[in-house]
$ cat structure04.cif   # mmCIF, C-alpha atoms
data_coords
loop_
_atom_site.group_PDB
_atom_site.id
_atom_site.type_symbol
_atom_site.label_atom_id
_atom_site.label_comp_id
_atom_site.auth_asym_id
_atom_site.auth_seq_id
_atom_site.Cartn_x
_atom_site.Cartn_y
_atom_site.Cartn_z
ATOM 1 C CA MET A 727 -78.599 -36.043 36.598
ATOM 2 C CA GLU A 728 -80.906 -38.712 38.006
ATOM 3 C CA LYS A 729 -83.879 -36.305 37.729
ATOM 4 C CA LEU A 730 -82.982 -35.561 34.104
ATOM 5 C CA CYS A 731 -82.793 -39.285 33.296
ATOM 6 C CA THR A 732 -86.149 -39.857 34.996
ATOM 7 C CA PHE A 733 -87.675 -36.937 33.075
ATOM 8 C CA LEU A 734 -86.307 -38.170 29.734
ATOM 9 C CA THR A 735 -87.500 -41.713 30.441
ATOM 10 C CA LEU A 736 -90.995 -40.481 31.318
ATOM 11 C CA TYR A 737 -91.042 -38.157 28.314
ATOM 12 C CA SER A 738 -89.999 -40.998 25.992
ATOM 13 C CA LEU A 739 -92.609 -43.302 27.508
ATOM 14 C CA LEU A 740 -95.374 -40.725 27.154
ATOM 15 C CA HIS A 741 -94.266 -39.961 23.604
ATOM 16 C CA ALA A 742 -94.292 -43.671 22.730
ATOM 17 C CA ILE A 743 -97.772 -44.098 24.240
ATOM 18 C CA ALA A 744 -99.107 -41.034 22.462
ATOM 19 C CA MET A 745 -97.531 -41.964 19.113
ATOM 20 C CA PRO A 746 -100.349 -44.290 18.003
ATOM 21 C CA ILE A 747 -102.800 -41.501 18.804
ATOM 22 C CA ALA A 748 -100.658 -38.761 17.302
ATOM 23 C CA HIS A 749 -101.481 -37.850 13.768
ATOM 24 C CA ALA A 750 -100.740 -35.425 11.011
ATOM 25 C CA LYS A 751 -102.978 -32.440 11.616
ATOM 26 C CA SER A 752 -105.444 -31.692 8.874
ATOM 27 C CA ILE A 753 -106.306 -28.333 10.446
ATOM 28 C CA ASP A 754 -104.302 -25.846 12.511
ATOM 29 C CA GLU A 755 -105.125 -26.157 16.206
ATOM 30 C CA GLY A 756 -103.230 -23.367 17.959
ATOM 31 C CA PRO A 757 -105.098 -20.447 19.568
ATOM 32 C CA GLU A 758 -104.135 -18.054 16.791
ATOM 33 C CA ALA A 759 -105.250 -20.516 14.109
ATOM 34 C CA VAL A 760 -108.585 -21.049 15.852
ATOM 35 C CA GLN A 761 -109.070 -17.296 16.178
ATOM 36 C CA GLU A 762 -108.334 -16.864 12.466
ATOM 37 C CA TRP A 763 -110.742 -19.714 11.658
ATOM 38 C CA PHE A 764 -113.506 -17.961 13.618
ATOM 39 C CA LYS A 765 -112.730 -14.678 11.878
ATOM 40 C CA ASN A 766 -113.363 -16.377 8.516
ATOM 41 C CA LEU A 767 -116.453 -18.239 9.747
ATOM 42 C CA PRO A 768 -119.019 -15.754 8.313
ATOM 43 C CA ASN A 769 -117.710 -16.614 4.823
ATOM 44 C CA ALA A 770 -117.575 -20.372 5.421
ATOM 45 C CA LYS A 771 -120.065 -22.706 3.800
ATOM 46 C CA GLU A 772 -121.768 -25.269 5.998
ATOM 47 C CA LYS A 773 -121.146 -28.907 4.989
ATOM 48 C CA VAL A 774 -123.041 -32.124 5.599
ATOM 49 C CA THR A 775 -120.915 -35.218 6.243
ATOM 50 C CA LYS A 776 -122.265 -38.755 6.531
ATOM 51 C CA LEU A 777 -120.133 -41.428 8.203
ATOM 52 C CA GLN A 778 -120.601 -45.091 9.034
ATOM 53 C CA PHE A 779 -118.318 -47.018 11.369
ATOM 54 C CA TYR A 780 -118.347 -49.633 14.114
ATOM 55 C CA PHE A 781 -116.978 -49.844 17.624
ATOM 56 C CA HIS A 782 -115.830 -53.010 19.331
ATOM 57 C CA ASP A 783 -116.651 -53.035 23.033
ATOM 58 C CA ILE A 784 -114.513 -55.718 24.698
ATOM 59 C CA VAL A 785 -115.339 -56.282 28.381
ATOM 60 C CA SER A 786 -113.933 -59.817 28.703
ATOM 61 C CA GLY A 787 -110.419 -61.246 28.430
ATOM 62 C CA LYS A 788 -106.967 -60.031 29.436
ATOM 63 C CA ASN A 789 -107.104 -56.732 27.498
ATOM 64 C CA PRO A 790 -110.592 -55.286 27.833
ATOM 65 C CA SER A 791 -111.367 -52.007 26.082
ATOM 66 C CA ALA A 792 -114.220 -51.280 28.511
ATOM 67 C CA ILE A 793 -114.050 -51.507 32.286
ATOM 68 C CA THR A 794 -116.338 -50.739 35.188
ATOM 69 C CA VAL A 795 -114.879 -47.825 37.139
ATOM 70 C CA ALA A 796 -117.637 -47.383 39.732
ATOM 71 C CA GLN A 797 -120.747 -49.084 41.051
ATOM 72 C CA SER A 798 -122.863 -49.043 44.162
ATOM 73 C CA ASN A 799 -123.026 -52.018 46.516
ATOM 74 C CA SER A 800 -126.478 -52.841 45.155
ATOM 75 C CA SER A 801 -125.224 -52.761 41.523
ATOM 76 C CA ILE A 802 -123.321 -56.020 42.019
ATOM 77 C CA ASN A 803 -126.530 -57.986 42.540
ATOM 78 C CA SER A 804 -128.721 -55.886 40.249
ATOM 79 C CA PRO A 805 -129.856 -57.601 37.039
ATOM 80 C CA THR A 806 -130.266 -54.111 35.532
ATOM 81 C CA MET A 807 -126.733 -52.893 36.416
ATOM 82 C CA PHE A 808 -128.296 -49.761 37.953
ATOM 83 C CA GLY A 809 -125.558 -47.396 39.111
ATOM 84 C CA VAL A 810 -122.721 -48.951 37.095
ATOM 85 C CA ILE A 811 -120.300 -46.502 35.465
ATOM 86 C CA ARG A 812 -118.080 -47.853 32.721
ATOM 87 C CA MET A 813 -115.264 -46.265 30.694
ATOM 88 C CA MET A 814 -114.313 -47.343 27.184
ATOM 89 C CA ASP A 815 -111.432 -46.900 24.806
ATOM 90 C CA ASN A 816 -112.739 -48.929 21.886
ATOM 91 C CA ALA A 817 -111.490 -49.349 18.342
ATOM 92 C CA LEU A 818 -113.516 -47.599 15.628
ATOM 93 C CA THR A 819 -113.452 -49.660 12.443
ATOM 94 C CA ILE A 820 -114.801 -49.497 8.897
ATOM 95 C CA GLY A 821 -116.531 -52.880 9.280
ATOM 96 C CA PRO A 822 -118.033 -55.056 12.025
ATOM 97 C CA GLU A 823 -115.303 -57.716 11.816
ATOM 98 C CA PRO A 824 -112.695 -57.669 14.623
ATOM 99 C CA ASN A 825 -109.851 -57.456 12.073
ATOM 100 C CA SER A 826 -111.467 -54.604 10.127
ATOM 101 C CA LYS A 827 -109.354 -51.489 9.477
ATOM 102 C CA ILE A 828 -109.141 -49.197 12.521
ATOM 103 C CA ILE A 829 -109.963 -45.553 11.713
ATOM 104 C CA GLY A 830 -109.944 -44.152 15.235
ATOM 105 C CA ARG A 831 -110.949 -44.693 18.841
ATOM 106 C CA LEU A 832 -114.135 -44.286 20.833
ATOM 107 C CA LYS A 833 -113.447 -42.579 24.152
ATOM 108 C CA ASP A 834 -116.592 -43.065 26.214
ATOM 109 C CA LEU A 835 -118.141 -42.956 29.646
ATOM 110 C CA TRP A 836 -121.616 -44.324 30.356
ATOM 111 C CA CYS A 837 -123.784 -44.984 33.356
ATOM 112 C CA SER A 838 -126.768 -47.273 33.731
ATOM 113 C CA PHE A 839 -130.195 -46.006 34.804
ATOM 114 C CA TYR A 840 -132.776 -47.794 36.915
ATOM 115 C CA GLY A 841 -134.337 -50.508 34.809
ATOM 116 C CA GLY A 842 -131.072 -51.284 33.010
ATOM 117 C CA ASN A 843 -132.569 -50.634 29.597
ATOM 118 C CA SER A 844 -130.940 -47.280 29.000
ATOM 119 C CA LEU A 845 -127.612 -45.576 29.417
ATOM 120 C CA LEU A 846 -126.427 -42.001 29.710
ATOM 121 C CA MET A 847 -123.644 -41.821 27.108
ATOM 122 C CA THR A 848 -120.817 -39.355 26.658
ATOM 123 C CA LEU A 849 -119.047 -40.414 23.475
ATOM 124 C CA ASN A 850 -116.027 -38.949 21.757
ATOM 125 C CA PHE A 851 -115.214 -40.345 18.334
ATOM 126 C CA VAL A 852 -111.503 -39.640 17.818
ATOM 127 C CA PHE A 853 -110.518 -40.102 14.175
ATOM 128 C CA GLY A 854 -106.962 -41.168 13.396
ATOM 129 C CA HIS A 855 -106.866 -41.661 9.617
ATOM 130 C CA GLY A 856 -107.801 -40.020 6.348
ATOM 131 C CA LYS A 857 -109.192 -36.530 5.882
ATOM 132 C CA TYR A 858 -110.701 -36.514 9.404
ATOM 133 C CA ASN A 859 -107.363 -37.393 11.020
ATOM 134 C CA GLY A 860 -107.039 -35.554 14.341
ATOM 135 C CA SER A 861 -110.695 -34.514 14.406
ATOM 136 C CA THR A 862 -113.347 -35.510 16.935
ATOM 137 C CA LEU A 863 -117.114 -35.682 17.259
ATOM 138 C CA SER A 864 -118.798 -35.489 20.666
ATOM 139 C CA VAL A 865 -122.123 -37.120 21.516
ATOM 140 C CA LEU A 866 -124.098 -36.696 24.717
ATOM 141 C CA GLY A 867 -127.409 -38.418 25.148
ATOM 142 C CA HIS A 868 -129.802 -41.109 26.218
ATOM 143 C CA ASN A 869 -129.200 -44.579 24.750
ATOM 144 C CA PRO A 870 -132.183 -46.958 25.125
ATOM 145 C CA ILE A 871 -130.052 -50.053 24.488
ATOM 146 C CA LEU A 872 -132.913 -52.470 23.798
ATOM 147 C CA HIS A 873 -134.196 -50.419 20.855
ATOM 148 C CA LYS A 874 -133.067 -51.540 17.412
ATOM 149 C CA TYR A 875 -131.988 -47.973 16.543
ATOM 150 C CA ARG A 876 -130.938 -45.368 19.082
ATOM 151 C CA GLU A 877 -130.658 -41.703 18.139
ATOM 152 C CA MET A 878 -128.297 -39.440 20.057
ATOM 153 C CA PRO A 879 -127.337 -35.811 19.427
ATOM 154 C CA ILE A 880 -123.913 -34.732 18.235
ATOM 155 C CA VAL A 881 -123.167 -31.729 20.413
ATOM 156 C CA GLY A 882 -119.794 -30.624 19.072
ATOM 157 C CA GLY A 883 -116.505 -31.498 17.521
ATOM 158 C CA SER A 884 -112.952 -30.402 16.862
ATOM 159 C CA GLY A 885 -110.559 -30.172 13.935
ATOM 160 C CA VAL A 886 -112.476 -30.607 10.685
ATOM 161 C CA PHE A 887 -115.656 -30.895 12.774
ATOM 162 C CA ARG A 888 -115.456 -27.574 14.629
ATOM 163 C CA LEU A 889 -118.930 -26.377 15.667
ATOM 164 C CA ALA A 890 -120.399 -29.736 14.635
ATOM 165 C CA ARG A 891 -124.003 -30.638 15.291
ATOM 166 C CA GLY A 892 -126.015 -33.557 14.084
ATOM 167 C CA ILE A 893 -127.351 -37.006 14.843
ATOM 168 C CA ALA A 894 -125.635 -40.307 15.614
ATOM 169 C CA THR A 895 -127.743 -43.440 15.167
ATOM 170 C CA ALA A 896 -126.555 -46.586 16.942
ATOM 171 C CA SER A 897 -127.532 -50.181 16.231
ATOM 172 C CA THR A 898 -126.141 -53.247 17.997
ATOM 173 C CA VAL A 899 -124.678 -55.690 15.469
ATOM 174 C CA TRP A 900 -123.598 -58.337 17.968
ATOM 175 C CA PHE A 901 -123.838 -58.790 21.736
ATOM 176 C CA ASN A 902 -122.650 -61.641 23.950
ATOM 177 C CA VAL A 903 -124.871 -61.816 27.059
ATOM 178 C CA THR A 904 -122.284 -63.757 29.076
ATOM 179 C CA SER A 905 -119.193 -61.652 28.361
ATOM 180 C CA GLN A 906 -121.046 -58.383 27.595
ATOM 181 C CA ASP A 907 -118.764 -57.909 24.559
ATOM 182 C CA ALA A 908 -120.487 -56.053 21.730
ATOM 183 C CA VAL A 909 -120.103 -54.580 18.252
ATOM 184 C CA VAL A 910 -122.176 -51.460 17.591
ATOM 185 C CA GLU A 911 -122.747 -49.749 14.242
ATOM 186 C CA TYR A 912 -122.918 -45.957 14.099
ATOM 187 C CA ASN A 913 -124.363 -43.908 11.260
ATOM 188 C CA VAL A 914 -123.580 -40.236 11.683
ATOM 189 C CA ILE A 915 -124.942 -37.178 9.881
ATOM 190 C CA VAL A 916 -123.155 -34.027 10.933
ATOM 191 C CA LEU A 917 -123.289 -30.359 9.960
ATOM 192 C CA HIS A 918 -120.000 -28.495 10.214
ATOM 193 C CA TYR A 919 -117.947 -25.789 8.472
#
$ encode --input "structure04.cif" --output "structure tokens"
Amino acid sequence: MEKLCTFLTLYSLLHAIAMPIAHAKSIDEGPEAVQEWFKNLPNAKEKVTKLQFYFHDIVSGKNPSAITVAQSNSSINSPTMFGVIRMMDNALTIGPEPNSKIIGRLKDLWCSFYGGNSLLMTLNFVFGHGKYNGSTLSVLGHNPILHKYREMPIVGGSGVFRLARGIATASTVWFNVTSQDAVVEYNVIVLHY
């Protein structure tokens, strides 16, 4: 009985945590549905979708959305942050303001290269509202953070964005040197079916 209570408590906790992420599916996701989708792919028309949104990277304070998960001993004293690896779970919003409507989450992992002026980014834009609800876009690329505009490839997606490919352009809207908090604008052009 104690094991059952523990299981139900854990299940309820996990369900409660996942609830904000859970969403009404706009596309069937089971293996059979995916197989059927691929079967119909030769008749599908390719679409171009343009999106603009912002992410809020909060490193400071009691509830950061980005934390350092690894670094070398020399990274601590490095002005370039060489060797730092940081994970993010940032809000995606329709505007740059902190109270702007949240449309999803950015799930990200980056590491800093020698020189500190560029990052290796693995981004997953997870949409939680509207017609893209439950869909994702994946980006993998080089981010030269001191450039005004940084172009990174979209290498895939899920849900509405199955077989996605395209370009994500990043531009820093605001950055606090002391706290390292930032707001970054993304303009995305993606091809998908």
$ closest_residue --input "structure04.cif" --among "A:Gly882, A:Gly830, A:Gly860, A:Gly756" --to "Val916 (chain A)" --atoms "only C-alpha atoms"
A:Gly882
$ resolve_selection --input "structure04.cif" --expression "the PyMOL selection byres ((chain A and resi 822) around 8)" --output "PDB file with C-alpha atoms, in the frame of the given file"
ATOM      1  CA  TYR A 780    -118.347 -49.633  14.114  1.00  0.00           C
ATOM      2  CA  PHE A 781    -116.978 -49.844  17.624  1.00  0.00           C
ATOM      3  CA  HIS A 782    -115.830 -53.010  19.331  1.00  0.00           C
ATOM      4  CA  THR A 819    -113.452 -49.660  12.443  1.00  0.00           C
ATOM      5  CA  ILE A 820    -114.801 -49.497   8.897  1.00  0.00           C
ATOM      6  CA  GLY A 821    -116.531 -52.880   9.280  1.00  0.00           C
ATOM      7  CA  GLU A 823    -115.303 -57.716  11.816  1.00  0.00           C
ATOM      8  CA  PRO A 824    -112.695 -57.669  14.623  1.00  0.00           C
ATOM      9  CA  SER A 826    -111.467 -54.604  10.127  1.00  0.00           C
ATOM     10  CA  VAL A 899    -124.678 -55.690  15.469  1.00  0.00           C
ATOM     11  CA  VAL A 909    -120.103 -54.580  18.252  1.00  0.00           C
ATOM     12  CA  VAL A 910    -122.176 -51.460  17.591  1.00  0.00           C
ATOM     13  CA  GLU A 911    -122.747 -49.749  14.242  1.00  0.00           C
TER      14      GLU A 911
END
$ resolve_selection --input "structure04.cif" --expression "the PyMOL selection byres ((chain A and resi 883) around 10)" --output "list in words"
Asn850, Phe851, Val852, Ser861, Thr862, Leu863, Ser864, Val865, Ile880, Val881, Gly882, Ser884, Gly885, Val886, Phe887, Arg888, Leu889, Ala890, Arg891, Val916 and His918 of chain A
$ resolve_selection --input "structure04.cif" --expression "the PyMOL selection byres ((chain A and resi 912) around 6)" --output "MDAnalysis selection string"
chainID A and resid 778:780 895:896 911 913
$ atom_distance --input "structure04.cif" --atom1 "CA of Leu917 (chain A)" --atom2 "CA of Pro768 (chain A)"
15.3 Å
$ atom_distance --input "structure04.cif" --atom1 "CA of Phe901 (chain A)" --atom2 "CA of Gly854 (chain A)"
25.8 Å
$ closest_atom_pairs --input "structure04.cif" --of "region 845-899 of chain A" --to "region 807-811 of chain A" --cutoff "12 Å" --atoms "all atoms listed in the file" --output "tab-separated table"
residue	atom	partner	partner_atom	distance
A:Leu845	CA	A:Phe808	CA	9.5
A:Leu846	CA	A:Ile811	CA	9.5
A:Met847	CA	A:Ile811	CA	10.1
A:Thr848	CA	A:Ile811	CA	11.4
$ atom_distance --input "structure04.cif" --atom1 "CA of Asn789 (chain A)" --atom2 "CA of Asn869 (chain A)"
25.4 Å
$ closest_residue --input "structure04.cif" --among "A:Gly856, A:Ser897, A:Asn902, A:Tyr919" --to "Glu772 (chain A)" --atoms "only C-alpha atoms"
A:Tyr919
$ closest_residue --input "structure04.cif" --among "A:Ile784, A:Ile871, A:Ala908, A:Ile893" --to "Phe839 (chain A)" --atoms "all atoms listed in the file"
A:Ile871
$ residues_around --input "structure04.cif" --residues "His855 (chain A)" --least-positions-apart "3" --cutoff "7 Å" --atoms "all atoms listed in the file" --output "ChimeraX atom specification"
/A:829-830,858-859
